[in-house]
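Visitor: So that you have it, the file is work.txt, and it contains compact mmCIF, C-alpha atoms:
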# COMPACT_ATOMS: atom_id res chain seq x y z
CA MET B 1 -19.98 55.54 7.61
CA SER B 2 -23.31 55.55 9.40
CA PRO B 3 -23.52 54.01 12.90
CA THR B 4 -26.04 51.40 11.65
CA LEU B 5 -23.70 50.28 8.88
CA ARG B 6 -20.79 50.21 11.32
CA LYS B 7 -22.79 48.02 13.72
CA GLY B 8 -23.78 45.71 10.88
CA LEU B 9 -20.19 45.30 9.71
CA ALA B 10 -19.01 44.65 13.26
CA GLY B 11 -21.71 42.00 13.62
CA ILE B 12 -20.69 40.26 10.40
CA LEU B 13 -17.02 40.36 11.41
CA SER B 14 -17.79 38.96 14.87
CA ALA B 15 -19.90 36.15 13.39
CA GLY B 16 -17.07 35.34 10.95
CA LEU B 17 -14.57 35.28 13.79
CA VAL B 18 -16.75 32.97 15.89
CA ALA B 19 -17.21 30.66 12.89
CA LEU B 20 -13.44 30.59 12.36
CA VAL B 21 -12.76 29.77 16.02
CA LEU B 22 -15.41 27.03 15.99
CA TRP B 23 -14.01 25.59 12.76
CA TRP B 24 -10.53 25.63 14.27
CA PHE B 25 -11.35 24.12 17.64
CA ILE B 26 -14.24 21.77 16.92
CA PRO B 27 -12.84 18.68 15.19
CA SER B 28 -14.36 17.53 11.93
CA GLU B 29 -15.92 14.06 11.61
CA GLU B 30 -12.75 12.84 9.89
CA GLN B 31 -10.63 14.11 12.78
CA ARG B 32 -12.92 12.32 15.24
CA ILE B 33 -12.52 9.08 13.27
CA ARG B 34 -8.76 9.48 13.20
CA LYS B 35 -8.80 10.01 16.97
CA VAL B 36 -10.64 6.69 17.47
CA LEU B 37 -8.09 5.01 15.21
CA GLU B 38 -5.24 6.45 17.24
CA GLN B 39 -6.84 5.24 20.46
CA ALA B 40 -7.24 1.74 19.00
CA ARG B 41 -3.67 1.76 17.71
CA ALA B 42 -2.25 2.86 21.06
CA SER B 43 -4.23 0.21 22.92
CA VAL B 44 -2.94 -2.58 20.68
CA SER B 45 0.68 -1.40 20.79
CA GLY B 46 2.68 -2.64 23.74
CA GLY B 47 5.27 -0.70 25.67
CA ALA B 48 9.00 -1.21 25.89
CA LYS B 49 8.63 -3.27 29.05
CA PRO B 50 6.21 -6.16 29.52
CA ALA B 51 2.83 -5.01 30.82
CA ASP B 52 1.50 -6.41 34.10
CA GLY B 53 -2.00 -7.88 34.26
CA LEU B 54 -3.64 -4.64 35.31
CA ALA B 55 -2.00 -2.59 32.57
CA LEU B 56 -3.01 -5.25 30.08
CA LEU B 57 -6.61 -5.09 31.22
CA ALA B 58 -6.56 -1.31 30.94
CA ARG B 59 -5.21 -1.49 27.40
CA VAL B 60 -7.77 -4.05 26.30
CA GLY B 61 -10.49 -1.97 27.93
CA GLN B 62 -9.28 1.05 25.98
CA LEU B 63 -9.55 -0.97 22.78
CA THR B 64 -13.09 -2.12 23.46
CA GLN B 65 -14.14 1.50 23.95
CA CYS B 66 -13.44 1.96 20.22
CA LEU B 67 -15.61 -0.96 19.08
CA THR B 68 -19.32 -1.57 18.62
CA ARG B 69 -20.70 -4.50 20.63
CA ASP B 70 -21.34 -6.45 17.43
CA VAL B 71 -17.95 -5.69 15.88
CA GLU B 72 -16.79 -8.12 13.19
CA VAL B 73 -13.14 -8.84 12.45
CA GLN B 74 -12.27 -10.81 9.31
CA VAL B 75 -8.63 -11.67 8.81
CA ASP B 76 -7.42 -13.44 5.68
CA VAL B 77 -3.70 -13.11 5.03
CA PHE B 78 -2.23 -15.29 2.27
CA GLY B 79 0.05 -17.88 3.85
CA GLY B 80 -0.68 -16.46 7.29
CA LEU B 81 -3.39 -15.79 9.79
CA SER B 82 -6.99 -16.25 8.83
CA GLY B 83 -10.23 -16.33 10.80
CA ASN B 84 -13.21 -14.35 12.00
CA LEU B 85 -14.08 -12.74 15.32
CA ASN B 86 -17.63 -11.78 16.12
CA GLY B 87 -18.59 -9.48 18.96
CA VAL B 88 -16.61 -7.38 21.35
CA ASP B 89 -15.98 -10.26 23.78
CA GLU B 90 -14.17 -12.35 21.17
CA VAL B 91 -12.08 -9.35 20.11
CA ARG B 92 -11.24 -8.58 23.75
CA ALA B 93 -10.04 -12.16 24.33
CA ALA B 94 -8.00 -12.13 21.10
CA ALA B 95 -6.43 -8.75 21.94
CA ALA B 96 -5.43 -9.98 25.41
CA GLY B 97 -3.87 -13.10 23.88
CA LEU B 98 -2.02 -11.03 21.31
CA ALA B 99 -0.67 -8.70 23.98
CA GLN B 100 0.59 -11.64 26.03
CA GLN B 101 2.17 -13.33 23.03
CA PHE B 102 3.81 -10.15 21.70
CA PRO B 103 4.38 -7.82 24.66
CA ALA B 104 6.56 -5.47 22.60
CA LEU B 105 4.14 -5.29 19.67
CA ASP B 106 4.32 -1.93 17.94
CA VAL B 107 1.57 -0.93 15.54
CA GLN B 108 1.86 2.05 13.22
CA LEU B 109 -0.92 3.23 10.93
CA SER B 110 -0.24 4.94 7.64
CA GLU B 111 -1.98 5.90 4.40
CA ILE B 112 -5.24 6.44 6.28
CA GLN B 113 -7.97 7.33 3.84
CA VAL B 114 -11.46 8.16 4.97
CA GLY B 115 -13.34 7.10 1.85
CA VAL B 116 -17.07 7.14 2.30
CA LEU B 117 -18.23 9.50 5.02
CA GLU B 118 -21.95 9.57 5.73
CA PRO B 119 -23.78 11.02 8.74
CA THR B 120 -23.72 7.77 10.73
CA SER B 121 -21.30 5.54 8.85
CA ALA B 122 -17.86 5.73 7.33
CA ARG B 123 -15.41 3.52 5.51
CA VAL B 124 -11.68 3.83 6.06
CA THR B 125 -8.72 2.09 4.46
CA LEU B 126 -5.28 2.07 6.02
CA VAL B 127 -2.01 0.22 6.19
CA ALA B 128 -1.00 -1.21 9.55
CA THR B 129 2.66 -1.98 10.10
CA LEU B 130 3.18 -4.46 12.90
CA GLU B 131 6.52 -4.95 14.56
CA THR B 132 6.70 -7.82 17.01
CA GLY B 133 10.21 -7.10 18.17
CA GLY B 134 11.73 -10.39 17.01
CA ARG B 135 13.94 -11.03 13.98
CA ASN B 136 11.97 -10.64 10.73
CA GLY B 137 9.08 -9.62 12.91
CA ARG B 138 7.86 -6.76 10.74
CA THR B 139 4.85 -7.04 8.54
CA ALA B 140 2.46 -4.66 6.81
CA GLN B 141 -1.16 -5.29 6.00
CA GLU B 142 -3.88 -3.23 4.39
CA PHE B 143 -7.23 -3.09 6.20
CA GLU B 144 -10.68 -1.78 5.50
CA LEU B 145 -12.61 -0.50 8.49
CA ARG B 146 -16.26 0.40 8.80
CA PHE B 147 -17.28 2.95 11.36
CA ARG B 148 -20.68 3.57 12.90
CA LYS B 149 -21.69 6.71 14.75
CA TRP B 150 -23.76 6.32 17.88
CA GLU B 151 -24.67 9.07 20.33
CA GLY B 152 -22.22 11.44 18.73
CA ARG B 153 -19.22 9.11 18.86
CA TRP B 154 -17.62 6.98 16.17
CA TYR B 155 -17.06 3.26 16.78
CA ILE B 156 -15.35 0.61 14.67
CA SER B 157 -17.97 -1.88 13.55
CA ARG B 158 -16.01 -4.00 11.09
CA VAL B 159 -12.36 -4.70 10.34
CA SER B 160 -11.26 -6.77 7.37
CA THR B 161 -7.98 -7.41 5.64
CA VAL B 162 -7.64 -6.29 2.03
CA ARG B 163 -5.88 -8.53 -0.48
CA ALA B 164 -4.49 -7.25 -3.74
CA LEU B 165 -5.09 -10.51 -5.59
CA ARG B 166 -8.34 -12.41 -5.56
CA SER B 167 -10.03 -15.26 -7.31
CA ARG B 168 -13.55 -14.61 -8.51
CA MET V 169 44.04 53.78 -17.83
CA SER V 170 43.68 50.02 -17.90
CA GLN V 171 41.80 47.98 -15.26
CA PRO V 172 43.74 45.39 -13.28
CA ILE V 173 42.94 41.92 -14.67
CA ASP V 174 42.23 39.05 -12.25
CA PRO V 175 44.67 36.20 -12.69
CA PRO V 176 42.99 33.21 -14.41
CA ALA V 177 41.71 30.47 -12.12
CA PRO V 178 43.92 27.36 -11.93
CA TRP V 179 42.93 24.57 -14.34
CA TRP V 180 41.97 22.14 -11.58
CA GLN V 181 39.52 24.69 -10.16
CA VAL V 182 37.96 25.26 -13.59
CA MET V 183 37.67 21.49 -14.05
CA ALA V 184 36.09 20.97 -10.62
CA ILE V 185 33.72 23.91 -10.22
CA GLY V 186 33.80 25.82 -13.54
CA ARG V 187 34.78 29.39 -14.31
CA ASN V 188 31.97 30.77 -12.19
CA PRO V 189 31.52 28.71 -9.00
CA ARG V 190 28.21 30.37 -8.12
CA THR V 191 26.62 29.47 -11.47
CA THR V 192 27.97 25.94 -11.19
CA LEU V 193 26.44 25.58 -7.73
CA VAL V 194 23.03 26.78 -8.93
CA ARG V 195 23.19 24.40 -11.92
CA LEU V 196 24.17 21.54 -9.65
CA ALA V 197 21.31 22.27 -7.24
CA ILE V 198 18.78 22.43 -10.08
CA THR V 199 20.10 19.19 -11.57
CA LEU V 200 19.92 17.41 -8.22
CA VAL V 201 16.37 18.60 -7.60
CA LEU V 202 15.30 17.51 -11.12
CA VAL V 203 16.96 14.11 -10.73
CA PHE V 204 15.36 13.63 -7.31
CA ILE V 205 11.89 14.55 -8.60
CA GLY V 206 12.40 12.41 -11.70
CA PHE V 207 13.32 9.39 -9.61
CA ARG V 208 10.49 9.94 -7.14
CA VAL V 209 7.89 10.23 -9.88
CA SER V 210 9.09 7.66 -12.37
CA ILE V 211 11.30 5.06 -10.74
CA GLN V 212 10.87 2.94 -7.65
CA PRO V 213 13.63 0.66 -6.45
CA ILE V 214 12.47 -2.74 -5.25
CA LEU V 215 14.03 -5.66 -3.42
CA VAL V 216 12.79 -9.05 -4.60
CA GLN V 217 11.74 -11.27 -1.71
CA GLY V 218 10.41 -14.79 -1.93
CA ILE V 219 10.48 -17.48 -4.60
CA SER V 220 7.28 -16.92 -6.56
CA MET V 221 9.07 -15.28 -9.52
CA GLN V 222 11.87 -17.85 -9.80
CA PRO V 223 13.68 -18.63 -12.03
CA THR V 224 13.34 -15.17 -13.63
CA TYR V 225 13.94 -13.23 -10.41
CA LYS V 226 15.59 -14.58 -7.34
CA ASP V 227 15.24 -13.70 -3.69
CA GLY V 228 17.42 -10.73 -2.76
CA GLN V 229 17.78 -9.20 -6.24
CA ARG V 230 17.38 -5.45 -6.63
CA ARG V 231 15.37 -4.07 -9.52
CA PHE V 232 13.61 -0.87 -10.59
CA LEU V 233 9.98 -0.24 -11.45
CA ASN V 234 8.99 2.23 -14.12
CA GLN V 235 6.01 3.97 -12.57
CA LEU V 236 5.19 5.86 -15.76
CA ALA V 237 4.99 2.74 -17.95
CA TYR V 238 1.19 2.54 -17.84
CA ARG V 239 0.42 6.23 -17.85
CA PHE V 240 -0.50 6.16 -21.54
CA ALA V 241 -0.68 2.46 -22.38
CA PRO V 242 -2.30 -0.49 -20.61
CA PRO V 243 -0.31 -3.45 -19.24
CA GLN V 244 0.51 -6.09 -21.84
CA ARG V 245 0.61 -9.84 -21.53
CA GLY V 246 4.04 -10.98 -20.36
CA ASP V 247 4.87 -7.73 -18.55
CA VAL V 248 6.34 -8.16 -15.09
CA ILE V 249 4.58 -5.66 -12.88
CA GLY V 250 4.64 -4.29 -9.36
CA ILE V 251 1.34 -4.52 -7.49
CA ARG V 252 0.45 -2.51 -4.41
CA GLU V 253 -0.18 -5.12 -1.69
CA ALA V 254 0.04 -3.10 1.52
CA GLY V 255 0.57 0.59 0.97
CA LYS V 256 3.27 2.02 -1.21
CA GLN V 257 6.11 0.05 0.32
CA VAL V 258 5.00 -3.57 0.08
CA LEU V 259 4.64 -4.62 -3.54
CA LEU V 260 4.02 -7.94 -5.25
CA LEU V 261 6.00 -8.83 -8.35
CA LYS V 262 3.94 -10.84 -10.84
CA ARG V 263 3.60 -11.47 -14.56
CA VAL V 264 0.52 -10.35 -16.49
CA ILE V 265 -1.13 -13.41 -18.03
CA GLY V 266 -4.73 -12.43 -18.70
CA LEU V 267 -6.07 -9.13 -20.04
CA PRO V 268 -9.43 -7.38 -19.59
CA GLY V 269 -12.26 -8.99 -21.55
CA GLU V 270 -10.51 -12.36 -21.87
CA ARG V 271 -11.60 -15.73 -20.57
CA PHE V 272 -8.88 -17.21 -18.38
CA ARG V 273 -8.47 -20.80 -17.23
CA ILE V 274 -5.72 -23.23 -16.18
CA VAL V 275 -6.08 -26.91 -17.02
CA GLN V 276 -3.42 -29.31 -15.73
CA GLY V 277 -0.88 -26.48 -15.65
CA THR V 278 -1.64 -25.12 -19.12
CA VAL V 279 -3.00 -21.58 -19.27
CA LEU V 280 -5.90 -21.18 -21.67
CA ILE V 281 -6.80 -17.70 -22.90
CA ASN V 282 -10.19 -17.68 -24.62
CA GLY V 283 -9.81 -21.45 -24.88
CA GLU V 284 -6.41 -21.34 -26.61
CA PRO V 285 -3.24 -22.60 -24.88
CA LEU V 286 -0.79 -19.83 -24.00
CA GLU V 287 2.89 -20.22 -24.83
CA GLU V 288 4.98 -19.27 -21.82
CA PRO V 289 8.68 -19.19 -22.72
CA TYR V 290 9.63 -17.69 -19.34
CA LEU V 291 8.82 -20.93 -17.51
CA LEU V 292 11.63 -23.37 -16.83
CA PRO V 293 11.57 -26.58 -18.88
CA PRO V 294 10.90 -29.72 -16.86
CA THR V 295 14.02 -30.80 -14.97
CA ASN V 296 14.86 -33.85 -12.86
CA GLY V 297 11.38 -35.17 -13.26
CA VAL V 298 9.81 -32.04 -11.77
CA ARG V 299 7.09 -30.87 -14.10
CA ASN V 300 7.01 -27.14 -14.73
CA PRO V 301 4.37 -25.91 -14.84
CA ALA V 302 2.87 -28.14 -12.18
CA ARG V 303 -0.63 -29.46 -12.71
CA TRP V 304 -2.55 -26.43 -11.51
CA ASN V 305 -6.23 -26.11 -12.21
CA VAL V 306 -8.19 -22.87 -12.11
CA PRO V 307 -11.83 -22.71 -13.21
CA GLU V 308 -12.69 -20.29 -16.00
CA VAL V 309 -13.08 -16.62 -15.14
CA ARG V 310 -14.02 -13.77 -17.45
CA LEU V 311 -11.91 -10.71 -16.74
CA GLU V 312 -13.87 -7.50 -16.47
CA GLU V 313 -12.77 -4.04 -17.59
CA GLY V 314 -9.75 -2.97 -15.54
CA GLU V 315 -8.94 -6.51 -14.37
CA HIS V 316 -5.77 -8.46 -15.13
CA TYR V 317 -4.82 -11.99 -14.22
CA VAL V 318 -1.33 -12.23 -12.74
CA ILE V 319 0.83 -15.19 -11.73
CA GLY V 320 4.45 -15.64 -10.69
CA ASP V 321 6.87 -17.55 -12.92
CA ASN V 322 7.49 -20.29 -10.38
CA ARG V 323 4.80 -22.75 -11.40
CA SER V 324 6.63 -25.73 -9.98
CA MET V 325 5.27 -24.66 -6.58
CA ARG V 326 2.13 -26.15 -5.13
CA GLN V 327 -0.85 -24.15 -6.32
CA ASP V 328 -2.01 -23.47 -2.75
CA ASP V 329 1.38 -22.01 -1.84
CA HIS V 330 1.42 -19.55 -4.72
CA TYR V 331 -0.30 -16.17 -4.37
CA PHE V 332 -1.91 -15.33 -7.71
CA GLY V 333 -5.20 -14.11 -9.12
CA ILE V 334 -7.08 -11.12 -10.43
CA VAL V 335 -5.72 -7.66 -9.78
CA ALA V 336 -7.49 -4.35 -10.30
CA ARG V 337 -5.81 -1.88 -12.63
CA ASP V 338 -5.54 0.78 -9.91
CA ARG V 339 -3.29 -1.48 -7.85
CA ILE V 340 -0.67 -1.80 -10.58
CA VAL V 341 2.23 0.50 -9.72
CA GLY V 342 4.45 0.02 -12.75
CA ARG V 343 6.47 -2.29 -14.98
CA LEU V 344 9.82 -3.81 -14.12
CA MET V 345 12.52 -1.86 -15.97
CA ASN V 346 15.30 -4.39 -16.29
CA PRO V 347 13.70 -7.74 -16.99
Starting from the coordinates I provided, produce the structure as structure tokens.

Guide:
Amino acid sequence: MSPTLRKGLAGILSAGLVALVLWWFIPSEEQRIRKVLEQARASVSGGAKPADGLALLARVGQLTQCLTRDVEVQVDVFGGLSGNLNGVDEVRAAAAGLAQQFPALDVQLSEIQVGVLEPTSARVTLVATLETGGRNGRTAQEFELRFRKWEGRWYISRVSTVRALRSR
Amino acid sequence: MSQPIDPPAPWWQVMAIGRNPRTTLVRLAITLVLVFIGFRVSIQPILVQGISMQPTYKDGQRRFLNQLAYRFAPPQRGDVIGIREAGKQVLLLKRVIGLPGERFRIVQGTVLINGEPLEEPYLLPPTNGVRNPARWNVPEVRLEEGEHYVIGDNRSMRQDDHYFGIVARDRIVGRLMNP
């Protein structure tokens, strides 16, 4: 094997290795979105013991870091909660109220599906299981989330409940 | 020179694990795996909760869904189906009333399909002065391809308290096996 060919092969191998390392260590867009979801989930879930005011503020602050300023939340659960929240301030107030009402709230996300993934927007569906700690305090709800990418980071811009049955 | 012959296994051992225990074990393992896969793929156990399917199904009853029922044939009117409400674990149990392409309407409790009244033998006859079905009214809708209209059997409920409507085909998990 000639030295030139050897050098060329070594170069190709090195480039392949670098690409593999980058692929391994640099998260994909879907992984970044899932990370934001996990941060939001953790901030909504309470701990085993009741949080003090400061911890509560920190948690709510962590949640708002995942949201766009003009975030929209549309909740419509048959026979249950329904209403809209517009803007990060309304969501912050609602999250603080929720945390005070259900200090032991545990939220688990499952069946996360990143459906439409475009350069600056994404649509995700998931099932959130909420456990409030009380008797019969477990409920599951499907949500659709819209994400928007801004300055290299993904933010939740819209959250809406999904109902299986609908009228026209 | 003759070989020494092993004494025959006792009858209870043959009954319990066969003449060749290793083969029996392999057969048992294969059977268990096949049964497990079969159940996972085709059957889903469900626990009925709520009153929307009364009197046909009552709160607390256990039933099974055949998840392969609609693999090769579409849902039929009158089928009781499981609908994915929140993930794979939370299902709704409803009866198929309207099929794709049909015009659906309820007038004073009577279901009209393409303008014709639908006979619904699964509904309870009126008792103690309580009319069943109650006087529900739903304006006409035309069901598109892949859409079915589903309602629970308990039509004596108030219309606003009953969760019913149009469901997309891809949310239908299967048909109830033991109606």

Visitor: What are the closest atom pairs, with distances in Å to one decimal, for each residue of chain B lying within 9 Å of chain V, using only C-alpha atoms, rows by chain and rising residue number, as a tab-separated table?

Guide:
residue	atom	partner	partner_atom	distance
B:Phe78	CA	V:Tyr331	CA	7.0
B:Gly79	CA	V:Asp329	CA	7.2
B:Ser110	CA	V:Gly255	CA	8.0
B:Glu111	CA	V:Gly255	CA	6.8
B:Leu126	CA	V:Gly255	CA	7.9
B:Val127	CA	V:Gly255	CA	5.8
B:Ala128	CA	V:Ala254	CA	8.3
B:Ala140	CA	V:Ala254	CA	6.0
B:Gln141	CA	V:Ala254	CA	5.1
B:Glu142	CA	V:Ala254	CA	4.9
B:Phe143	CA	V:Ala254	CA	8.6
B:Val162	CA	V:Ala254	CA	8.3
B:Arg163	CA	V:Glu253	CA	6.8
B:Ala164	CA	V:Glu253	CA	5.2
B:Leu165	CA	V:Gly333	CA	5.0
B:Arg166	CA	V:Gly333	CA	5.0
B:Ser167	CA	V:Gly333	CA	5.3
B:Arg168	CA	V:Val309	CA	6.9

Visitor: Between atom CA of Ser157 of chain B and atom CA of Gln108 of chain B, what is the distance in Å, rounded to a tenth?

Guide: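 Those two atoms sit 20.2 Å apart.
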
Visitor: Which protein, DNA or RNA residues are at most 12 Å from (-2.5, -0.8, 31.5) in the file's coordinates when you count all atoms listed in the file, listed as a list in words?

Guide: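 The residues that fall inside the cut-off are Ala42, Ser43, Val44, Ser45, Gly46, Gly47, Lys49, Pro50, Ala51, Asp52, Gly53, Leu54, Ala55, Leu56, Leu57, Ala58, Arg59, Val60, Gly61, Gln62, Leu63, Ala96, Ala99 and Pro103 of chain B.
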
Visitor: Mind checking which residues fall within 12 Å of Leu291 of chain V, counting all atoms listed in the file, ignoring those fewer than 5 positions away in the same chain, and posting them as a list of chain:residue names?

Guide: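 So the residues in contact are V:Ser220, V:Met221, V:Gln222, V:Pro223, V:Thr224, V:Tyr225, V:Gly246, V:Arg263, V:Gly277, V:Thr278, V:Val279, V:Leu286, V:Arg299, V:Asn300, V:Pro301, V:Ala302, V:Ile319, V:Gly320, V:Asp321, V:Asn322, V:Arg323, V:Ser324.
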
Visitor: Take the residues just selected and output them with C-alpha atoms as a compact mmCIF listing (two decimals), in the frame of the given file.

Guide:
# COMPACT_ATOMS: atom_id res chain seq x y z
CA SER V 220 7.28 -16.92 -6.56
CA MET V 221 9.07 -15.28 -9.52
CA GLN V 222 11.87 -17.85 -9.80
CA PRO V 223 13.68 -18.63 -12.03
CA THR V 224 13.34 -15.17 -13.63
CA TYR V 225 13.94 -13.23 -10.41
CA GLY V 246 4.04 -10.98 -20.36
CA ARG V 263 3.60 -11.47 -14.56
CA GLY V 277 -0.88 -26.48 -15.65
CA THR V 278 -1.64 -25.12 -19.12
CA VAL V 279 -3.00 -21.58 -19.27
CA LEU V 286 -0.79 -19.83 -24.00
CA ARG V 299 7.09 -30.87 -14.10
CA ASN V 300 7.01 -27.14 -14.73
CA PRO V 301 4.37 -25.91 -14.84
CA ALA V 302 2.87 -28.14 -12.18
CA ILE V 319 0.83 -15.19 -11.73
CA GLY V 320 4.45 -15.64 -10.69
CA ASP V 321 6.87 -17.55 -12.92
CA ASN V 322 7.49 -20.29 -10.38
CA ARG V 323 4.80 -22.75 -11.40
CA SER V 324 6.63 -25.73 -9.98

Visitor: Quick one: distance from atom CA of Pro289 of chain V to atom CA of Asp338 of chain V in Å, one decimal?

Guide: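 For atom CA of Pro289 of chain V relative to atom CA of Asp338 of chain V, the distance reads 27.7 Å.
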
Visitor: Rounded to one decimal, what separation in Å do you get between atom CA of Val182 of chain V and atom CA of Val201 of chain V?

Guide: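 Going from atom CA of Val182 of chain V over to atom CA of Val201 of chain V, I get 23.4 Å.
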
Visitor: Taking every listed atom of segment 55-62 of chain B and adding 8 Å to each side, what centre and edge lengths in Å (one decimal) does the axis-aligned box have, as AutoDock Vina command-line options?

Guide:
--center_x -6.2 --center_y -2.1 --center_z 29.3 --size_x 24.5 --size_y 22.3 --size_z 22.6

Visitor: So which residues touch segment 204-215 of chain V within 12 Å, counting all atoms listed in the file, skipping near sequence neighbours fewer than 6 positions away, as a ChimeraX atom specification?

Guide: /V:197-198,225-239,249-251,256-261,341-346

Visitor: List as number ranges by chain the residues having at least one atom at most 8 Å from position (-14.3, 8.9, 18.0) as given in the file, counting all atoms listed in the file.

Guide: B: 32-37, 66, 153-155

Visitor: For Asn282 of chain V, list every protein, DNA or RNA residue within 9 Å, evaluated using only C-alpha atoms, and leave out those in the same chain fewer than 6 positions away; present the list as number ranges by chain.

Guide: V: 270-273
